[in-house]
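Here is the structure we will look at.
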Amino acid sequence: MRELRWGPHIMFNDEAINNFWKEHFSNKEHKLLFVLGKGFDVRMNIALSRLVDSCPNLNMNCLIIEFDEGKNSSSHKYQKFIDENMLEFNQLINEEDLISKKINIWSKTGKGRRVVGDKKASDIFKDYLDIEKYSDIIVDISSLPRGIYFSLIGKILALIDSKPQSVHNLFVTVAENVKIDELIQESAIEDDLAYLHGFGGEIELESEKEKPLIWFPVLGEKKDTHIRKGADKITEDKNRLYEICPVLPFPSKNPRRSDSLLIEYHELLFDSLDIESQNIMYITERDPFQAYIELSKAINNYKESLDIINGCKIAISTFSSKLLSIGSLLVAYENQDFVGIMNVNSGGYNILDQDKIKKMKKNSELFVTWLTGNPYQK
């Protein structure tokens with residue numbers, strides 16, 4: 001197995017973050033770009049607020065992404081949450097330091113529509129000149145959809161890698177709270193699935209369709225419809241060999257979480273999809289770098305085993321936490337020629353208990369992952 005790019009890695013969680021920010025930004029030469037999404041998620045401003053509290057005099061621009069899901073999106077009914085988030089946001093950022101970008105999630109095609117949000121997110125940064133002046137970039141994914149932040153972070157990584165002589169510290173932050181995730185249910189799941197822009201893995205190239213396709217769905221609660229639609233996509237080509245390897249979070253904050261997921265999806269996994277128990281794998285829930293290492297090893301084993309028949313293709317889908325999805329992102333970025341991210345889009349969201357979700361905000365845990373920059377310079 002080749003040396004992993006993020007073998008040695010750096011991550012901070014809740015308790016250590018404030019001291020890290022203070023130490024890291026003590027040098028006044030830093031110029032920061034902070035990127036976040038405008039949304040209804042009550043965790044939207046947690047990372048930014050912690051940073052501003054720790055470093056009140058930071059030289060910073062803030063890029064806020066407003067994503068338009070269309071006039072019929074069910075998320076519009078939570079406008080009061082967006083208004084409250086923006087009121088807090090405007091108290092944290094000076095207007096002259098603010099950059100705003102609006103992107104459409106959907107584009108009309110005849111009588112239908114197709115997802116374009118991932119491509120639009122990638123286009124926010126056209127070339128290296130758009131990030132050249134920033135010594136540090138923080139992308140907070142707490143209030144960004146997966147279809148946006150995968151392609152966005154992938155593009156930033158590619159631009160940084162295009163100039164290896166330049167040093168840019170890239171951080172991805174996320175405020176985790178499994179209880180809040182359980183109360184925000186995706187609705188109107190799309191039938192037309194696709195691989196994210198920048199993460200196609202060359203899976204759907206005509207010349208590659210004879211290669212077996214291995215699917216790693218990273219499981220989370222109440223994603224039955226997502227998983228079924230993903231499985232339909234994987235098995236749609238009846239001439240292509242495939243294998244499904246469900247991924248469960250273990251160890252996890254809740255030590256029984258993986259057992260509960262196996263109970264929830266028992267009929268789907270073992271009856272409908274006819275998955276062998278030895279195909280199930282486990283990855284660490286609270287360390288995306290370790291998840292990246294474990295997924296990389298599993299993928300490399302398939303690649304080496306199937307090299308005798310001209311290799312294979314790998315698809316990953318993340319139905320679990322955003323923190324865990326960072327690991328999937330890193331695996332796919334490092335293996336772009338044969339690993340793709342298959343995203344299952346939804347048309348909107350339903351909050352099961354609006355009062356409860358506000359009270360839960362204070363129990364969220366912040367994570368900072370450091371992807372490029374000073375520690376990785378050779």
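To be explicit about the labels: the chains of the structure tokens are called A, B, and onward in the order shown, and within each one the residues are counted from 1, while ligands get numbers from 1 in the order they are shown.
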
DSSP helix (DSSP H, G or I) residues within segment 168-369 of chain A, listed as JSON, numbers by chain: {"A": [178, 179, 180, 181, 182, 183, 206, 207, 208, 224, 225, 226, 227, 228, 229, 230, 231, 232, 233, 234, 257, 258, 259, 260, 261, 262, 263, 264, 266, 267, 268, 269, 270, 271, 272, 277, 278, 279, 288, 289, 290, 291, 292, 293, 294, 295, 296, 297, 298, 299, 300, 301, 302, 303, 304, 305, 306, 307, 308, 309, 322, 323, 324, 325, 326, 327, 328, 329, 330, 331, 332, 333, 334, 354, 355, 356, 357, 358, 359, 360, 361, 362, 363]}

Give me the residues of segment 235-287 of chain A that have any atom at most 12 Å from an atom of segment 308-317 of chain A; for each, the nearest atom pair and the distance in Å, rounded to one decimal. Use only C-alpha atoms, sort by chain and number, and format it as a Markdown table.
| residue | atom | partner | partner_atom | distance |
| --- | --- | --- | --- | --- |
| A:Arg240 | CA | A:Cys312 | CA | 10.7 |
| A:Leu241 | CA | A:Cys312 | CA | 9.6 |
| A:Tyr242 | CA | A:Lys313 | CA | 9.3 |
| A:Glu243 | CA | A:Ile314 | CA | 9.7 |
| A:Ile244 | CA | A:Ala315 | CA | 9.5 |
| A:Cys245 | CA | A:Ile316 | CA | 9.7 |
| A:Pro246 | CA | A:Ser317 | CA | 9.8 |
| A:Val247 | CA | A:Ser317 | CA | 9.7 |

Close residues, Arg43 of chain A itself excluded, 12 Å, only C-alpha atoms, min 4 positions apart in chain, as number ranges by chain: A: 36-39, 47-50, 81-82, 84-86, 88-89, 140-144, 173-178, 180-181, 357-366

I want to know what sits within 9 Å of Asp224 of chain A, based on only C-alpha atoms, with residues of the same chain fewer than 6 positions away left out; could you give that as a VMD selection string? chain A and resid 264 to 265 268

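If you count only C-alpha atoms and ignore residues fewer than 3 places along the chain from Met11 of chain A, what sits within 12 Å of it is Trp6, Pro8, Asp14, Glu15, Ala16, Ile17, Phe20, Leu170, Phe171, Val172, Thr173, Val174, Arg286, Asp287, Pro288, Phe289, Gln290, Leu323, Ile326, Leu366, Phe367, Val368, Thr369, Trp370, Leu371, Thr372 and Pro375 of chain A.
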
Using only C-alpha atoms, determine which residues lie at most 7 Å from segment 125-138 of chain A, disregarding the query and same-chain residues fewer than 2 positions distant; provide the list as a PDB file with C-alpha atoms, in the first residue's frame.
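To be explicit, this is the file written out as around_20.pdb:
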ATOM      1  CA  HIS A  30      -1.971  35.742   8.770  1.00  0.00           C
ATOM      2  CA  LYS A  31      -4.720  36.581   6.285  1.00  0.00           C
ATOM      3  CA  LEU A  32      -7.763  34.337   6.687  1.00  0.00           C
ATOM      4  CA  LEU A  33     -10.702  33.429   4.475  1.00  0.00           C
ATOM      5  CA  PHE A  34     -13.562  31.897   6.480  1.00  0.00           C
ATOM      6  CA  VAL A  35     -16.170  30.078   4.358  1.00  0.00           C
ATOM      7  CA  SER A 122     -16.604  24.285  -7.460  1.00  0.00           C
ATOM      8  CA  ASP A 123     -16.796  27.415  -9.614  1.00  0.00           C
ATOM      9  CA  ASP A 140     -17.059  25.339   8.013  1.00  0.00           C
ATOM     10  CA  LEU A 159      -5.830  24.837  -6.283  1.00  0.00           C
ATOM     11  CA  VAL A 167       1.919  27.396   1.803  1.00  0.00           C
ATOM     12  CA  HIS A 168      -1.788  27.657   2.587  1.00  0.00           C
ATOM     13  CA  ASN A 169      -3.270  26.295   5.793  1.00  0.00           C
ATOM     14  CA  LEU A 170      -6.598  24.673   4.934  1.00  0.00           C
ATOM     15  CA  PHE A 171      -8.924  23.732   7.789  1.00  0.00           C
ATOM     16  CA  VAL A 172     -12.345  22.079   7.703  1.00  0.00           C
TER      17      VAL A 172
END

Work out how far apart atom CA of Lys163 of chain A and atom CA of Ser100 of chain A are and give it in Å to one decimal. 26.0 Å

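Atom CA of Asn57 of chain A is found 16.2 Å from atom CA of Asn90 of chain A.
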
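Taking only C-alpha atoms into account, Ala231 of chain A lies nearest to A:Leu273 out of the set A:Ile263, A:Ile64, A:Met281, A:Leu273.
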
Which is closest to Glu29 of chain A among A:Ser162, A:Asn350, A:Asn59, A:Asn301, if we use only C-alpha atoms? A:Asn59

Contacts of Val339 of chain A at 9 Å (only C-alpha atoms; same-chain gap of 5+ positions) as a PDB file with C-alpha atoms, in the first residue's frame:
ATOM      1  CA  PHE A 199     -15.384  13.176  -7.572  1.00  0.00           C
ATOM      2  CA  GLY A 200     -16.521  11.062 -10.508  1.00  0.00           C
ATOM      3  CA  GLY A 201     -13.769   8.493 -10.161  1.00  0.00           C
ATOM      4  CA  GLU A 202     -14.100   7.821 -13.924  1.00  0.00           C
ATOM      5  CA  ILE A 203     -16.777   5.323 -12.887  1.00  0.00           C
ATOM      6  CA  ILE A 299     -10.170   0.061  -0.916  1.00  0.00           C
ATOM      7  CA  LYS A 313     -13.946   1.116  -9.419  1.00  0.00           C
ATOM      8  CA  ILE A 314     -14.985   2.341  -5.977  1.00  0.00           C
ATOM      9  CA  ALA A 315     -18.070   4.369  -5.034  1.00  0.00           C
ATOM     10  CA  ILE A 316     -18.579   5.910  -1.590  1.00  0.00           C
ATOM     11  CA  VAL A 331     -10.093   9.072   0.273  1.00  0.00           C
ATOM     12  CA  ALA A 332     -11.850  10.143  -2.919  1.00  0.00           C
ATOM     13  CA  TYR A 333      -9.590  13.160  -3.441  1.00  0.00           C
ATOM     14  CA  GLU A 334      -6.445  11.082  -3.066  1.00  0.00           C
TER      15      GLU A 334
END

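The nearest approach to Gln336 of chain A among the residues A:Lys101, A:His197, A:Lys378, A:Lys297, with only C-alpha atoms taken into account, belongs to A:His197.
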